[in-house]
$ cat final_31.cif   # mmCIF, C-alpha atoms
data_entry
#
loop_
_atom_site.label_atom_id
_atom_site.label_comp_id
_atom_site.auth_asym_id
_atom_site.auth_seq_id
_atom_site.Cartn_x
_atom_site.Cartn_y
_atom_site.Cartn_z
CA MET A 6 0.00 0.00 0.00
CA LEU A 7 3.04 2.29 0.24
CA GLY A 8 3.10 2.81 -3.52
CA VAL A 9 -0.59 3.77 -3.53
CA ALA A 10 0.03 6.30 -0.75
CA VAL A 11 3.03 7.77 -2.59
CA ASN A 12 0.89 8.08 -5.73
CA ALA A 13 -1.78 10.01 -3.81
CA ILE A 14 0.83 12.31 -2.22
CA ALA A 15 2.37 12.98 -5.65
CA VAL A 16 -1.01 14.09 -6.99
CA ILE A 17 -1.58 16.42 -4.03
CA MET A 18 1.91 17.93 -4.31
CA GLY A 19 1.48 18.40 -8.05
CA THR A 20 -1.88 20.07 -7.49
CA LEU A 21 -0.36 22.53 -5.02
CA LEU A 22 2.33 23.46 -7.54
CA GLY A 23 -0.28 23.82 -10.27
CA LEU A 24 -2.32 26.16 -8.06
CA LEU A 25 0.74 28.38 -7.65
CA PHE A 26 1.12 28.60 -11.43
CA LYS A 27 -2.59 29.33 -11.83
CA LYS A 28 -2.46 32.58 -9.86
CA GLY A 29 -2.46 35.61 -12.11
CA ILE A 30 -3.06 33.62 -15.30
CA SER A 31 -5.33 35.44 -17.76
CA GLU A 32 -8.38 33.80 -19.33
CA LYS A 33 -6.60 33.68 -22.70
CA ILE A 34 -3.63 31.80 -21.26
CA HIS A 35 -5.96 29.59 -19.21
CA SER A 36 -7.78 28.52 -22.39
CA SER A 37 -4.44 27.79 -24.06
CA ILE A 38 -3.36 25.63 -21.10
CA MET A 39 -6.60 23.65 -21.30
CA VAL A 40 -6.04 22.91 -24.99
CA GLY A 41 -2.43 21.94 -24.24
CA VAL A 42 -3.53 19.58 -21.46
CA GLY A 43 -6.10 18.05 -23.79
CA LEU A 44 -3.52 17.44 -26.53
CA CYS A 45 -1.15 15.79 -24.02
CA VAL A 46 -3.94 13.52 -22.79
CA ILE A 47 -4.79 12.59 -26.40
CA PHE A 48 -1.13 11.65 -26.90
CA ILE A 49 -1.24 9.47 -23.76
CA GLY A 50 -4.37 7.78 -25.07
CA ILE A 51 -2.93 7.11 -28.53
CA SER A 52 0.29 5.73 -26.99
CA GLY A 53 -1.68 3.25 -24.90
CA MET A 54 -3.82 2.17 -27.84
CA LEU A 55 -0.77 0.76 -29.63
CA GLU A 56 -1.30 -2.65 -28.05
CA ASP A 57 -1.20 -5.83 -30.12
CA ILE A 58 -4.91 -6.46 -29.54
CA ASN A 59 -7.59 -7.41 -32.06
CA PRO A 60 -9.53 -4.16 -32.68
CA ILE A 61 -12.77 -6.13 -32.59
CA ILE A 62 -12.13 -6.75 -28.88
CA ALA A 63 -12.08 -3.00 -28.32
CA VAL A 64 -15.29 -2.51 -30.32
CA VAL A 65 -17.13 -5.34 -28.56
CA SER A 66 -16.03 -3.91 -25.21
CA ILE A 67 -16.66 -0.20 -25.87
CA VAL A 68 -20.17 -0.50 -27.37
CA PRO A 69 -21.92 -2.54 -24.63
CA GLY A 70 -19.79 -0.83 -21.97
CA GLY A 71 -20.95 2.57 -23.17
CA LEU A 72 -24.56 1.37 -23.31
CA LEU A 73 -24.41 0.05 -19.74
CA GLY A 74 -22.70 3.21 -18.49
CA THR A 75 -25.29 5.39 -20.19
CA ILE A 76 -28.15 3.45 -18.61
CA ILE A 77 -26.53 3.81 -15.17
CA ASP A 78 -25.40 7.36 -16.10
CA ILE A 79 -21.99 7.13 -14.44
CA ASP A 80 -21.03 10.53 -15.81
CA LYS A 81 -23.92 12.19 -14.01
CA GLY A 82 -23.07 10.39 -10.77
CA LEU A 83 -19.41 11.44 -10.90
CA ASN A 84 -20.35 15.04 -11.65
CA ARG A 85 -22.85 15.07 -8.78
CA PHE A 86 -20.18 13.77 -6.43
CA GLY A 87 -17.80 16.44 -7.74
CA ASP A 88 -20.45 19.13 -7.21
CA PHE A 89 -21.04 17.85 -3.66
CA ILE A 90 -17.33 18.07 -2.80
CA SER A 91 -17.13 21.47 -4.51
CA ALA A 92 -19.96 22.81 -2.34
CA LYS A 93 -18.11 21.66 0.78
CA PHE A 94 -14.51 22.58 0.02
CA SER A 95 -14.17 25.07 -2.84
CA LYS A 96 -14.52 28.81 -2.76
CA LYS A 97 -17.83 30.25 -3.85
CA GLY A 98 -17.81 31.03 -7.54
CA GLU A 99 -14.73 28.90 -8.28
CA ASN A 100 -14.96 27.44 -11.77
CA GLY A 101 -13.71 24.08 -13.00
CA PHE A 102 -13.73 22.20 -9.68
CA THR A 103 -15.97 19.34 -10.84
CA LYS A 104 -14.38 19.13 -14.29
CA GLY A 105 -10.93 18.97 -12.71
CA PHE A 106 -12.01 16.27 -10.26
CA VAL A 107 -13.71 14.08 -12.87
CA SER A 108 -11.02 14.53 -15.55
CA ALA A 109 -8.11 13.86 -13.18
CA SER A 110 -9.89 10.86 -11.64
CA LEU A 111 -10.36 9.30 -15.06
CA LEU A 112 -6.78 9.94 -16.15
CA PHE A 113 -5.16 8.67 -12.93
CA CYS A 114 -7.33 5.56 -12.55
CA VAL A 115 -7.81 4.42 -16.17
CA GLY A 116 -4.68 2.71 -17.44
CA ALA A 117 -2.48 -0.34 -17.26
CA MET A 118 -0.01 1.11 -14.75
CA ALA A 119 -2.76 1.60 -12.18
CA ILE A 120 -3.76 -2.06 -12.50
CA THR A 121 -0.43 -3.83 -12.99
CA GLY A 122 1.32 -1.56 -10.49
CA SER A 123 -1.27 -2.23 -7.80
CA ILE A 124 -1.26 -6.00 -8.42
CA THR A 125 2.55 -6.16 -8.30
CA ALA A 126 2.64 -4.09 -5.12
CA GLY A 127 -0.02 -6.25 -3.47
CA LEU A 128 1.58 -9.56 -4.43
CA THR A 129 5.30 -8.90 -4.06
CA GLY A 130 5.60 -5.56 -2.29
CA ASP A 131 7.42 -4.15 -5.35
CA ASN A 132 6.18 -0.57 -5.73
CA SER A 133 8.44 0.41 -8.65
CA ILE A 134 5.59 0.62 -11.20
CA LEU A 135 3.49 2.76 -8.86
CA TYR A 136 6.50 5.00 -8.15
CA THR A 137 6.93 5.55 -11.89
CA LYS A 138 3.21 6.25 -12.22
CA SER A 139 3.50 8.72 -9.32
CA ILE A 140 6.04 10.77 -11.27
CA LEU A 141 3.78 10.86 -14.33
CA ASP A 142 0.73 11.74 -12.23
CA PHE A 143 2.71 14.45 -10.44
CA ILE A 144 3.46 16.14 -13.76
CA SER A 145 -0.11 15.67 -15.00
CA SER A 146 -1.62 17.07 -11.79
CA ILE A 147 0.47 20.24 -12.17
CA MET A 148 -1.00 20.80 -15.62
CA PHE A 149 -4.53 19.90 -14.55
CA ALA A 150 -4.47 22.07 -11.43
CA SER A 151 -3.15 25.06 -13.38
CA ALA A 152 -6.18 24.68 -15.65
CA PHE A 153 -8.94 23.54 -13.26
CA GLY A 154 -7.87 24.29 -9.70
CA ILE A 155 -8.17 22.46 -6.39
CA GLY A 156 -10.66 19.87 -7.65
CA VAL A 157 -7.72 17.87 -9.03
CA ALA A 158 -6.49 17.14 -5.48
CA PHE A 159 -9.74 15.35 -4.65
CA SER A 160 -9.08 12.81 -7.40
CA VAL A 161 -6.96 11.04 -4.76
CA ILE A 162 -10.24 9.72 -3.28
CA PRO A 163 -11.10 7.42 -6.23
CA LEU A 164 -7.37 6.79 -6.78
CA LEU A 165 -6.92 5.45 -3.24
CA LEU A 166 -10.14 3.41 -3.39
CA TYR A 167 -9.39 1.99 -6.84
CA GLN A 168 -5.70 1.18 -6.55
CA GLY A 169 -5.94 0.26 -2.90
CA SER A 170 -8.71 -2.27 -3.59
CA ILE A 171 -6.72 -3.85 -6.43
CA ALA A 172 -3.61 -4.10 -4.23
CA LEU A 173 -5.56 -5.73 -1.41
CA CYS A 174 -7.29 -8.19 -3.80
CA ALA A 175 -4.11 -8.83 -5.84
CA ILE A 176 -3.79 -12.48 -4.84
CA TYR A 177 -7.21 -13.18 -6.37
CA LEU A 178 -6.79 -10.98 -9.46
CA GLN A 179 -3.31 -12.09 -10.50
CA PRO A 180 -4.32 -15.44 -12.09
CA VAL A 181 -7.14 -13.75 -14.01
CA LEU A 182 -5.34 -10.68 -15.37
CA THR A 183 -2.90 -12.25 -17.83
CA ASP A 184 -0.74 -10.12 -20.13
CA GLY A 185 -3.35 -10.43 -22.87
CA ALA A 186 -6.18 -9.38 -20.57
CA VAL A 187 -4.19 -6.40 -19.29
CA GLY A 188 -3.43 -5.51 -22.90
CA ALA A 189 -7.16 -5.44 -23.68
CA ILE A 190 -7.81 -3.28 -20.61
CA THR A 191 -4.98 -0.94 -21.66
CA CYS A 192 -6.33 -0.58 -25.18
CA VAL A 193 -9.90 0.12 -24.08
CA GLY A 194 -8.78 2.41 -21.26
CA SER A 195 -6.60 4.34 -23.68
CA ILE A 196 -9.56 4.89 -26.02
CA ILE A 197 -11.42 6.39 -23.06
CA ILE A 198 -8.40 8.55 -22.20
CA MET A 199 -8.24 9.79 -25.80
CA GLY A 200 -11.92 10.73 -25.58
CA LEU A 201 -11.15 12.61 -22.38
CA GLY A 202 -8.38 14.48 -24.18
CA LEU A 203 -10.78 15.50 -26.97
CA ASN A 204 -13.15 16.90 -24.34
CA LEU A 205 -10.38 18.82 -22.60
CA ALA A 206 -9.18 20.30 -25.89
CA GLY A 207 -12.71 21.53 -26.57
CA VAL A 208 -13.16 19.32 -29.63
CA SER A 209 -16.02 17.28 -28.17
CA LYS A 210 -18.38 16.99 -25.23
CA PHE A 211 -18.51 13.22 -24.75
CA LYS A 212 -19.90 11.84 -21.49
CA ILE A 213 -16.74 9.82 -21.33
CA ALA A 214 -17.24 8.37 -17.83
CA ASN A 215 -20.20 6.40 -19.18
CA PHE A 216 -17.72 4.19 -21.05
CA LEU A 217 -15.94 3.02 -17.87
CA PRO A 218 -17.80 -0.35 -17.76
CA ALA A 219 -16.01 -1.21 -21.00
CA ILE A 220 -12.80 -1.59 -18.98
CA LEU A 221 -14.42 -4.30 -16.85
CA ILE A 222 -15.92 -6.00 -19.90
CA SER A 223 -12.70 -6.04 -21.97
CA PRO A 224 -10.86 -8.94 -20.24
CA PHE A 225 -13.94 -11.16 -20.54
CA VAL A 226 -14.22 -10.29 -24.23
CA TYR A 227 -10.52 -11.12 -24.62
CA TYR A 228 -10.98 -14.55 -23.02
CA LEU A 229 -14.01 -15.29 -25.23
CA PHE A 230 -11.95 -14.47 -28.32
CA GLU A 231 -9.15 -16.72 -27.04
CA LEU A 232 -11.59 -19.59 -26.59
CA PHE A 233 -13.68 -19.37 -29.74
CA ILE A 234 -11.68 -17.44 -32.36
#
$ encode --input "final_31.cif" --output "structure tokens"
Amino acid sequence: MLGVAVNAIAVIMGTLLGLLFKKGISEKIHSSIMVGVGLCVIFIGISGMLEDINPIIAVVSIVPGGLLGTIIDIDKGLNRFGDFISAKFSKKGENGFTKGFVSASLLFCVGAMAITGSITAGLTGDNSILYTKSILDFISSIMFASAFGIGVAFSVIPLLLYQGSIALCAIYLQPVLTDGAVGAITCVGSIIIMGLGLNLAGVSKFKIANFLPAILISPFVYYLFELFI
């Protein structure tokens, strides 16, 4: 659990630095930063999509996953939670709190390093993957906080719950999450991250959180393809 804690601390420290940079930034520069953050996130998404996975697996995961997420309306639930935290902890009239919380939560929790790092830490006590992820999240949180503000710091709540749960359950997850299954998760998660980047850059307004169930569906789809195709 040390690696998970370090990851959370890195996000908080990065947020504090980002808040220092945010002071005195004009609206024009703020808009430019948001586009820059979005383009960087798109790059992260495209990089993760370059997995040697049958594209049909991604399609079969994304479509039903998005349908299920839309029925549940995960996006609305996350935004409501963000608004609730904002009402408790942010200054009146502060903009971007909820968007920063939701966007940072998606970026920090959706990806192979969050899963493989937590499993490795839980099984062997080796936190090296999570330490590497902490450095990346530290840099990302600086950029996010400079664009959205303090809401980014609260993304440590889902980060701790998500990665901490995986680390604690690692002994049960390790036999199931083979390299191929993790590859499918990485590919699907990266598609979601790319969609997040498009939103941040102002290109689209996807309710991207509604596609999160696709990440859970993807390893099962991978195993079905392994069995029957």
$ closest_residue --input "final_31.cif" --among "A:Thr183, A:Thr103, A:Thr137, A:Ser52" --to "Pro224 (chain A)" --atoms "all atoms listed in the file"
A:Thr183
$ closest_residue --input "final_31.cif" --among "A:Gly156, A:Gly43, A:Pro60, A:Gly53" --to "Ser209 (chain A)" --atoms "only C-alpha atoms"
A:Gly43
$ resolve_selection --input "final_31.cif" --expression "the PyMOL selection byres ((chain A and resi 206) around 9)" --output "list in words"
Met39, Val40, Gly41, Val42, Gly43, Leu44, Ile47, Leu201, Gly202, Leu203, Asn204, Leu205, Gly207, Val208 and Ser209 of chain A
$ write_last_selection --input "final_31.cif" --atoms "C-alpha atoms" --output "compact mmCIF listing (two decimals), in the coordinates of the input"
# COMPACT_ATOMS: atom_id res chain seq x y z
CA MET A 39 -6.60 23.65 -21.30
CA VAL A 40 -6.04 22.91 -24.99
CA GLY A 41 -2.43 21.94 -24.24
CA VAL A 42 -3.53 19.58 -21.46
CA GLY A 43 -6.10 18.05 -23.79
CA LEU A 44 -3.52 17.44 -26.53
CA ILE A 47 -4.79 12.59 -26.40
CA LEU A 201 -11.15 12.61 -22.38
CA GLY A 202 -8.38 14.48 -24.18
CA LEU A 203 -10.78 15.50 -26.97
CA ASN A 204 -13.15 16.90 -24.34
CA LEU A 205 -10.38 18.82 -22.60
CA GLY A 207 -12.71 21.53 -26.57
CA VAL A 208 -13.16 19.32 -29.63
CA SER A 209 -16.02 17.28 -28.17
$ residues_around --input "final_31.cif" --residues "Gly122 (chain A)" --least-positions-apart "3" --cutoff "9 Å" --atoms "only C-alpha atoms" --output "list in words"
Gly8, Val9, Ala117, Met118, Ala119, Thr125, Ala126, Gly127, Asp131, Asn132, Ser133, Ile134, Leu135, Tyr136, Lys138, Gln168 and Ala172 of chain A
$ closest_residue --input "final_31.cif" --among "A:Ala189, A:Ile17, A:Leu217, A:Val46" --to "Leu73 (chain A)" --atoms "only C-alpha atoms"
A:Leu217
$ closest_residue --input "final_31.cif" --among "A:Gly105, A:Pro218, A:Gly82, A:Gly87" --to "Val193 (chain A)" --atoms "all atoms listed in the file"
A:Pro218
$ closest_residue --input "final_31.cif" --among "A:Pro69, A:Phe102, A:Phe149, A:Val226" --to "Phe89 (chain A)" --atoms "all atoms listed in the file"
A:Phe102
$ closest_residue --input "final_31.cif" --among "A:Ile155, A:Cys114, A:Ile62, A:Leu182" --to "Leu24 (chain A)" --atoms "only C-alpha atoms"
A:Ile155
$ resolve_selection --input "final_31.cif" --expression "the PyMOL selection byres ((chain A and resi 142) around 9)" --output "list in words"
Asn12, Ala13, Ala15, Val16, Gly19, Leu112, Phe113, Thr137, Lys138, Ser139, Ile140, Leu141, Phe143, Ile144, Ser145, Ser146 and Ile147 of chain A
$ resolve_selection --input "final_31.cif" --expression "the PyMOL selection byres ((chain A and resi 197) around 9)" --output "ChimeraX atom specification"
/A:50,67,111,115,192-196,198-202,213-214,216-217
$ atom_distance --input "final_31.cif" --atom1 "CA of Gly116 (chain A)" --atom2 "CA of Phe26 (chain A)"
27.2 Å
$ atom_distance --input "final_31.cif" --atom1 "CA of Leu25 (chain A)" --atom2 "CA of Ala150 (chain A)"
9.0 Å
$ atom_distance --input "final_31.cif" --atom1 "CA of Phe159 (chain A)" --atom2 "CA of Phe106 (chain A)"
6.1 Å
$ residues_around --input "final_31.cif" --residues "Asp88 (chain A)" --least-positions-apart "2" --cutoff "12 Å" --atoms "all atoms listed in the file" --output "ChimeraX atom specification"
/A:81-86,90-95,97,99-107,156,159
$ build_atoms --input "final_31.cif" --residues "region 203-220 of chain A" --atoms "N, CA and C atoms" --output "compact mmCIF listing (two decimals), in the frame of the given file"
# COMPACT_ATOMS: atom_id res chain seq x y z
N LEU A 203 -9.97 14.75 -26.00
CA LEU A 203 -10.78 15.50 -26.97
C LEU A 203 -11.71 16.47 -26.25
N ASN A 204 -12.28 16.01 -25.14
CA ASN A 204 -13.15 16.90 -24.34
C ASN A 204 -12.36 18.08 -23.78
N LEU A 205 -11.19 17.78 -23.22
CA LEU A 205 -10.38 18.82 -22.60
C LEU A 205 -9.91 19.86 -23.62
N ALA A 206 -9.63 19.39 -24.83
CA ALA A 206 -9.18 20.30 -25.89
C ALA A 206 -10.33 21.10 -26.50
N GLY A 207 -11.55 20.80 -26.07
CA GLY A 207 -12.71 21.53 -26.57
C GLY A 207 -13.22 21.04 -27.91
N VAL A 208 -12.73 19.87 -28.35
CA VAL A 208 -13.16 19.32 -29.63
C VAL A 208 -14.52 18.63 -29.52
N SER A 209 -14.79 18.05 -28.36
CA SER A 209 -16.02 17.28 -28.17
C SER A 209 -16.57 17.49 -26.76
N LYS A 210 -17.76 16.94 -26.55
CA LYS A 210 -18.38 16.99 -25.23
C LYS A 210 -18.94 15.61 -24.88
N PHE A 211 -18.10 14.59 -25.06
CA PHE A 211 -18.51 13.22 -24.75
C PHE A 211 -18.74 13.05 -23.25
N LYS A 212 -19.74 12.25 -22.89
CA LYS A 212 -19.90 11.84 -21.49
C LYS A 212 -19.03 10.62 -21.29
N ILE A 213 -17.73 10.89 -21.22
CA ILE A 213 -16.74 9.82 -21.33
C ILE A 213 -16.77 8.84 -20.17
N ALA A 214 -17.20 9.28 -18.98
CA ALA A 214 -17.24 8.37 -17.83
C ALA A 214 -18.23 7.24 -18.03
N ASN A 215 -19.21 7.45 -18.91
CA ASN A 215 -20.20 6.40 -19.18
C ASN A 215 -19.59 5.19 -19.87
N PHE A 216 -18.37 5.32 -20.37
CA PHE A 216 -17.72 4.19 -21.05
C PHE A 216 -16.83 3.37 -20.10
N LEU A 217 -16.79 3.74 -18.83
CA LEU A 217 -15.94 3.02 -17.87
C LEU A 217 -16.26 1.52 -17.75
N PRO A 218 -17.54 1.10 -17.83
CA PRO A 218 -17.80 -0.35 -17.76
C PRO A 218 -17.09 -1.15 -18.84
N ALA A 219 -16.72 -0.51 -19.94
CA ALA A 219 -16.01 -1.21 -21.00
C ALA A 219 -14.68 -1.78 -20.51
N ILE A 220 -14.08 -1.11 -19.53
CA ILE A 220 -12.80 -1.59 -18.98
C ILE A 220 -13.01 -2.92 -18.26
